[in-house]
Structure formats: C-alpha cells, structure tokens
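J.: For reference, this is coords-v9.pdb, and it has PDB, C-alpha atoms.
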```
ATOM      1  CA  MET N  20     123.892 118.915  63.789
ATOM      2  CA  THR N  21     121.328 119.551  66.495
ATOM      3  CA  ASN N  22     120.853 116.641  68.809
ATOM      4  CA  ILE N  23     117.239 115.515  68.820
ATOM      5  CA  GLN N  24     116.232 113.862  72.071
ATOM      6  CA  ARG N  25     113.610 111.235  71.487
ATOM      7  CA  LYS N  26     111.260 110.349  74.253
ATOM      8  CA  GLY N  27     109.583 107.011  74.578
ATOM      9  CA  ARG N  28     106.028 106.413  75.652
ATOM     10  CA  PRO N  29     105.588 107.638  79.243
ATOM     11  CA  VAL N  30     105.281 104.885  81.808
ATOM     12  CA  ASP N  31     101.755 104.476  83.139
ATOM     13  CA  LEU N  32     102.641 103.941  86.795
ATOM     14  CA  GLU N  33      99.038 103.644  87.944
ATOM     15  CA  GLY N  34      98.280 101.179  85.184
ATOM     16  CA  ARG N  35     101.309  99.061  86.059
ATOM     17  CA  ALA N  36     100.385  99.081  89.736
ATOM     18  CA  ALA N  37      96.846  97.968  88.918
ATOM     19  CA  ARG N  38      98.136  95.226  86.600
ATOM     20  CA  ARG N  39     100.537  94.063  89.276
ATOM     21  CA  LYS N  40      97.672  93.715  91.740
ATOM     22  CA  GLU N  41      95.675  91.731  89.180
ATOM     23  CA  ILE N  42      98.570  89.313  88.734
ATOM     24  CA  MET N  43      98.963  88.935  92.486
ATOM     25  CA  ALA N  44      95.247  88.248  92.885
ATOM     26  CA  ALA N  45      95.476  85.595  90.173
ATOM     27  CA  ALA N  46      98.493  84.070  91.892
ATOM     28  CA  ARG N  47      96.627  83.924  95.196
ATOM     29  CA  TRP N  48      93.751  82.126  93.487
ATOM     30  CA  CYS N  49      96.059  79.572  91.865
ATOM     31  CA  PHE N  50      98.259  79.027  94.910
ATOM     32  CA  LEU N  51      95.238  78.430  97.135
ATOM     33  CA  ARG N  52      93.897  75.754  94.841
ATOM     34  CA  LYS N  53      97.103  73.976  93.869
ATOM     35  CA  GLY N  54      99.874  75.132  96.188
ATOM     36  CA  PHE N  55     103.011  76.990  95.178
ATOM     37  CA  HIS N  56     104.744  74.144  93.412
ATOM     38  CA  ALA N  57     101.796  72.705  91.493
ATOM     39  CA  ALA N  58     100.503  76.103  90.298
ATOM     40  CA  SER N  59     102.283  77.022  87.055
ATOM     41  CA  THR N  60     103.142  80.452  85.693
ATOM     42  CA  ALA N  61     101.044  79.534  82.646
ATOM     43  CA  GLU N  62      97.980  79.052  84.857
ATOM     44  CA  ILE N  63      98.637  82.295  86.713
ATOM     45  CA  SER N  64      99.077  84.145  83.422
ATOM     46  CA  GLU N  65      95.829  82.745  82.048
ATOM     47  CA  LYS N  66      93.940  83.701  85.210
ATOM     48  CA  ALA N  67      95.390  87.227  85.038
ATOM     49  CA  SER N  68      94.728  87.505  81.280
ATOM     50  CA  ILE N  69      98.365  88.259  80.520
ATOM     51  CA  SER N  70     101.027  86.409  78.559
ATOM     52  CA  VAL N  71     103.717  84.464  80.395
ATOM     53  CA  ALA N  72     106.295  86.870  78.957
ATOM     54  CA  GLY N  73     104.210  89.780  80.253
ATOM     55  CA  LEU N  74     104.009  88.201  83.703
ATOM     56  CA  TYR N  75     107.807  87.879  83.807
ATOM     57  CA  GLN N  76     108.100  91.631  83.288
ATOM     58  CA  TYR N  77     106.411  92.081  86.655
ATOM     59  CA  PHE N  78     107.681  88.978  88.469
ATOM     60  CA  PRO N  79     110.783  87.290  86.983
ATOM     61  CA  THR N  80     110.281  84.162  89.102
ATOM     62  CA  LYS N  81     107.501  82.471  91.039
ATOM     63  CA  ALA N  82     109.490  83.159  94.212
ATOM     64  CA  ASP N  83     109.255  86.890  93.446
ATOM     65  CA  LEU N  84     105.479  86.498  93.350
ATOM     66  CA  VAL N  85     105.473  84.727  96.698
ATOM     67  CA  MET N  86     107.608  87.455  98.268
ATOM     68  CA  ALA N  87     105.283  90.129  96.886
ATOM     69  CA  LEU N  88     102.328  88.325  98.480
ATOM     70  CA  VAL N  89     104.194  88.189 101.802
ATOM     71  CA  GLU N  90     104.777  91.942 101.626
ATOM     72  CA  GLU N  91     101.129  92.569 100.760
ATOM     73  CA  ASP N  92     100.010  90.476 103.722
ATOM     74  CA  LEU N  93     102.292  92.460 106.016
ATOM     75  CA  GLU N  94     100.638  95.699 104.915
ATOM     76  CA  MET N  95      97.248  94.204 105.801
ATOM     77  CA  ASP N  96      98.582  93.090 109.186
ATOM     78  CA  LEU N  97      99.956  96.557 109.891
ATOM     79  CA  GLU N  98      96.519  97.956 109.066
ATOM     80  CA  TRP N  99      94.877  95.877 111.772
ATOM     81  CA  VAL N 100      97.573  96.916 114.240
ATOM     82  CA  SER N 101      96.727 100.527 113.353
ATOM     83  CA  ASP N 102      93.032  99.775 113.921
ATOM     84  CA  LEU N 103      93.856  98.288 117.330
ATOM     85  CA  ALA N 104      95.772 101.444 118.226
ATOM     86  CA  LYS N 105      92.672 103.526 117.469
ATOM     87  CA  ALA N 106      90.304 101.350 119.518
ATOM     88  CA  GLU N 107      88.920 102.662 122.795
ATOM     89  CA  SER N 108      90.518  99.714 124.564
ATOM     90  CA  LEU N 109      92.802  96.872 123.513
ATOM     91  CA  HIS N 110      90.215  94.363 124.709
ATOM     92  CA  GLU N 111      87.571  95.954 122.509
ATOM     93  CA  GLY N 112      89.899  96.109 119.508
ATOM     94  CA  LEU N 113      91.047  92.496 119.824
ATOM     95  CA  THR N 114      87.474  91.284 120.248
ATOM     96  CA  LYS N 115      86.363  93.088 117.101
ATOM     97  CA  LEU N 116      89.359  91.818 115.108
ATOM     98  CA  VAL N 117      88.987  88.160 116.056
ATOM     99  CA  LEU N 118      85.190  88.047 115.713
ATOM    100  CA  GLU N 119      85.314  89.738 112.306
ATOM    101  CA  TYR N 120      87.821  87.121 111.206
ATOM    102  CA  ALA N 121      85.691  84.301 112.579
ATOM    103  CA  ASN N 122      82.703  85.495 110.550
ATOM    104  CA  ASP N 123      84.546  86.370 107.312
ATOM    105  CA  VAL N 124      84.742  83.459 104.865
ATOM    106  CA  GLY N 125      87.434  85.219 102.832
ATOM    107  CA  CYS N 126      89.755  85.399 105.834
ATOM    108  CA  GLY N 127      89.971  81.616 105.810
ATOM    109  CA  ASP N 128      91.537  81.736 102.355
ATOM    110  CA  ALA N 129      94.021  84.369 103.518
ATOM    111  CA  MET N 130      95.105  82.180 106.440
ATOM    112  CA  ARG N 131      95.409  79.046 104.308
ATOM    113  CA  LEU N 132      97.682  80.950 101.944
ATOM    114  CA  ARG N 133      99.736  82.177 104.889
ATOM    115  CA  LEU N 134     100.248  78.583 105.977
ATOM    116  CA  GLU N 135     101.466  77.840 102.449
ATOM    117  CA  VAL N 136     103.878  80.791 102.653
ATOM    118  CA  THR N 137     105.213  79.605 106.007
ATOM    119  CA  ALA N 138     105.844  76.145 104.600
ATOM    120  CA  GLU N 139     107.561  77.607 101.530
ATOM    121  CA  ALA N 140     109.744  79.828 103.719
ATOM    122  CA  SER N 141     111.084  76.685 105.390
ATOM    123  CA  ARG N 142     112.333  75.497 101.995
ATOM    124  CA  ASP N 143     113.480  78.684 100.264
ATOM    125  CA  PRO N 144     116.140  80.813 102.043
ATOM    126  CA  LYS N 145     115.256  83.944 100.023
ATOM    127  CA  ILE N 146     111.599  83.737 100.949
ATOM    128  CA  ALA N 147     112.571  82.929 104.541
ATOM    129  CA  ALA N 148     114.730  86.080 104.716
ATOM    130  CA  VAL N 149     111.903  88.298 103.432
ATOM    131  CA  PHE N 150     109.382  86.576 105.694
ATOM    132  CA  SER N 151     111.642  87.033 108.744
ATOM    133  CA  ASP N 152     112.305  90.705 107.992
ATOM    134  CA  LEU N 153     108.642  91.530 107.537
ATOM    135  CA  GLU N 154     107.638  89.574 110.645
ATOM    136  CA  ALA N 155     110.185  91.624 112.613
ATOM    137  CA  ARG N 156     108.476  94.812 111.442
ATOM    138  CA  LEU N 157     105.124  93.451 112.591
ATOM    139  CA  VAL N 158     106.531  92.474 115.995
ATOM    140  CA  THR N 159     107.913  96.003 116.385
ATOM    141  CA  ALA N 160     104.521  97.539 115.596
ATOM    142  CA  VAL N 161     102.695  95.277 118.052
ATOM    143  CA  SER N 162     105.375  95.864 120.716
ATOM    144  CA  ARG N 163     104.806  99.619 120.492
ATOM    145  CA  LEU N 164     101.051  99.095 120.726
ATOM    146  CA  LEU N 165     101.394  96.943 123.836
ATOM    147  CA  ALA N 166     103.832  99.368 125.489
ATOM    148  CA  ASP N 167     101.322 102.177 124.945
ATOM    149  CA  ARG N 168      98.520 100.110 126.480
ATOM    150  CA  GLN N 169     100.744  99.319 129.444
ATOM    151  CA  VAL N 170     101.153 103.052 130.089
ATOM    152  CA  ARG N 171      97.365 103.380 129.982
ATOM    153  CA  GLY N 172      97.057 100.613 132.560
ATOM    154  CA  GLU N 173      95.129  98.252 130.266
ATOM    155  CA  ILE N 174      97.572  95.364 130.347
ATOM    156  CA  ASP N 175     100.065  93.956 132.848
ATOM    157  CA  ALA N 176     102.966  96.423 133.160
ATOM    158  CA  THR N 177     105.409  93.639 134.086
ATOM    159  CA  LEU N 178     105.131  91.977 130.664
ATOM    160  CA  ASP N 179     108.003  92.453 128.207
ATOM    161  CA  PRO N 180     106.392  94.194 125.174
ATOM    162  CA  GLU N 181     108.487  92.424 122.514
ATOM    163  CA  VAL N 182     108.192  88.933 123.992
ATOM    164  CA  THR N 183     104.472  89.492 124.547
ATOM    165  CA  ALA N 184     104.053  90.766 120.976
ATOM    166  CA  ARG N 185     105.597  87.570 119.602
ATOM    167  CA  THR N 186     103.412  85.496 121.896
ATOM    168  CA  VAL N 187     100.220  87.332 120.933
ATOM    169  CA  LEU N 188     101.014  87.032 117.214
ATOM    170  CA  ALA N 189     101.746  83.308 117.564
ATOM    171  CA  PHE N 190      98.512  82.886 119.524
ATOM    172  CA  LEU N 191      96.456  84.753 116.898
ATOM    173  CA  ASP N 192      98.074  82.770 114.080
ATOM    174  CA  GLY N 193      96.959  79.604 115.840
ATOM    175  CA  VAL N 194      93.443  80.929 116.382
ATOM    176  CA  PHE N 195      93.097  82.128 112.795
ATOM    177  CA  GLY N 196      94.596  78.884 111.485
ATOM    178  CA  TRP N 197      92.036  76.817 113.387
ATOM    179  CA  ILE N 198      89.205  79.022 112.135
ATOM    180  CA  ALA N 199      90.504  78.651 108.553
ATOM    181  CA  VAL N 200      90.029  74.876 108.692
ATOM    182  CA  GLY N 201      87.345  74.808 111.378
ATOM    183  CA  GLY N 202      83.628  74.309 111.331
ATOM    184  CA  ASP N 203      80.686  76.590 110.628
ATOM    185  CA  SER N 204      80.428  80.237 111.644
ATOM    186  CA  ARG N 205      78.643  79.426 114.918
ATOM    187  CA  ALA N 206      81.433  77.041 115.989
ATOM    188  CA  ASN N 207      84.056  79.558 114.880
ATOM    189  CA  GLU N 208      82.458  82.350 116.908
ATOM    190  CA  ALA N 209      82.219  80.213 120.038
ATOM    191  CA  PHE N 210      85.873  79.245 119.633
ATOM    192  CA  ALA N 211      86.838  82.891 119.062
ATOM    193  CA  HIS N 212      85.153  83.986 122.305
ATOM    194  CA  ALA N 213      86.906  81.222 124.257
ATOM    195  CA  ALA N 214      90.278  82.116 122.718
ATOM    196  CA  LEU N 215      89.787  85.819 123.469
ATOM    197  CA  ALA N 216      88.941  85.081 127.107
ATOM    198  CA  LEU N 217      92.127  83.034 127.445
ATOM    199  CA  LEU N 218      94.268  85.672 125.745
ATOM    200  CA  TRP N 219      92.894  88.510 127.836
ATOM    201  CA  ARG N 220      93.420  86.540 131.045
ATOM    202  CA  GLY N 221      97.131  86.555 130.263
ATOM    203  CA  LEU N 222      97.293  90.230 129.293
ATOM    204  CA  LYS N 223      95.179  92.028 131.878
ATOM    205  CA  PRO N 224      96.798  93.692 134.880
ATOM    206  CA  ILE N 225      97.343  91.436 137.890
ATOM    207  CA  GLY N 226      94.471  91.687 140.362
ATOM    208  CA  SER N 227      92.011  93.247 137.908
TER
END
```
Show this structure as structure tokens.
T.:
Amino acid sequence: MTNIQRKGRPVDLEGRAARRKEIMAAARWCFLRKGFHAASTAEISEKASISVAGLYQYFPTKADLVMALVEEDLEMDLEWVSDLAKAESLHEGLTKLVLEYANDVGCGDAMRLRLEVTAEASRDPKIAAVFSDLEARLVTAVSRLLADRQVRGEIDATLDPEVTARTVLAFLDGVFGWIAVGGDSRANEAFAHAALALLWRGLKPIGS
C-alpha cells in the first residue's frame, strides 16, 4: 500500500506574530492599570479578543508574558542605543533622547511598567534571571558606544566603559522614572535639561 503523507494546515507565522503582539499590548494595558498580580488572564484575554485557552497557546503562564514584555523592552532600548551611535555627537544624541522622552506622554506608561517589572523581578527568580541577562546585553551595547566615543575624544578617556555604562543607565532610569510620575511637560523639560547638564559634566573630557 502506498503511504499517503497528510499535511496539516500550514502555520501562518506572520499571523501568529501579529496575534502575539496584540496579546502583549493587551497585557501591557492591563498590567499598567492593575499591576501584575491583580490583572487576570481573563482580563488580558478579553482585552486581546482571544479566549483564555487561546492565550495559553502563546503564553502558558503570566510570568511568560512578563518575560516577553521584558524582551520587547530590551529591543526598544537597543534601538535607542543604535540611534545614539548614529548621532553626530553623544551629547546631541542624549539630549534628543531625553527631551523626546520628557515630551512623550506614552513614555511615562512604558517607564511605569518597567518599574512594575523591576519589582516583579525581585520576587520571581525566573523573571529576575531573564531581566539580568537582558540588562547585561544592554550594558554591553552601551559600553561599546561609550568606548567608541572615547576614541573620538567626546568623553573622558579615563572612564571605565562598562562601569560608566551601568552608571549612565541607572541615571537615565532615575530620570525617566521621575518624568513618569512628574509634573507637566514644561516641568519635565526643565528637569530633563538640568539632568542632562549634570550627566554631561561627568562624561565630558577633563578640562573641556
């Protein structure tokens, strides 16, 4: 007897990727309003217009959703590092980045969710491991950027690139966190300019 090979319906990879993004967007919306623990999978499913069973096909647990959001945020962070690398000067690139954040209402939501993720990482070892690994990748990217700008003479050549990268990222997290819960756009912009002046004072070459 001839063996007949039956083929199932081909997987729509683009469709699945789009659906996954929709679920993640719904999760962001729910987590921002209720926090990770209070937001239920039922609420996320309803927001994403998918059944709970369907959601579990993409994300078996709520922790998997959180880790996916962490990974997505890293990709966005790496994009701004890439933008900084393309800027005429690091000072110019940092100024544009921080001022755009200060004037973008949506960025406040992104930072508030990041604070939620950080808090959750302190409670869940699996999320903490993913968070730590992805942060290490970001530090590496910023370290390379700073080392390149040292060669160009834009920043102090005596600074350790990796230590400085961690310091700059911690500084920006603090700045963005304050803006996320701060006042109106005018107050945010004034604060951003003051923060940038302080940051650049620590980065610029000695004597310049």
J.: If we count only C-alpha atoms and set the cut-off at 8 Å, which residues sit around range 42-59 of chain N, ignoring sequence neighbours fewer than 2 positions away in its own chain? Please answer as a ChimeraX atom specification.
T.: /N:38-40,61-64,66-67,74,84,87-88,128,131-132,135,139
J.: To test your reading of the syntax: which residues would the PyMOL selection byres ((chain N and resi 165) around 12) return for the file shown? Reply as number ranges by chain.
T.: N: 100, 103-104, 108-110, 113, 158-164, 166-188, 222-223
J.: Using the chain letters and numbering of this document, enumerate as a PyMOL selection string the residues selected by the PyMOL selection byres ((chain N and resi 207-221) around 7).
T.: chain N and resi 114+117-118+121+198+201-206+222-223
J.: With distances taken over all atoms listed in the file, which of N:Leu116, N:Asp123, N:Lys145, N:Ser101 is nearest to Leu191 in chain N?
T.: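 Answer, going by the shortest atom-to-atom distance: N:Leu116.
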J.: Grab the CA of Ser68 in chain N to CA of Glu41 in chain N distance for me, in Å with one decimal place.
T.: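 Between CA of Ser68 in chain N and CA of Glu41 in chain N the gap is 9.0 Å.
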J.: What is the CA of Asp143 in chain N-CA of Lys81 in chain N distance in Å, reported with one decimal?
T.: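 Between these atoms lies a distance of 11.6 Å.
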J.: Quick one: apply the PyMOL selection byres ((chain N and resi 151) around 12) to the file and drop the selected residues here as a VMD selection string.
T.: chain N and resid 86 89 to 90 93 136 to 137 140 to 141 144 to 150 152 to 158
J.: I'd like the interatomic distance between CA of Val71 in chain N and CA of Glu33 in chain N, to a tenth of an Å.
T.: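 Value for the CA of Val71 in chain N-CA of Glu33 in chain N distance: 21.1 Å.
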J.: Between N:Ala36, N:Val85, N:Ile225, N:Ala72, which is the closest to Arg133 in chain N once you count only C-alpha atoms?
T.: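 Comparing N:Ala36, N:Val85, N:Ile225, N:Ala72 against Arg133 in chain N, the winner is N:Val85.
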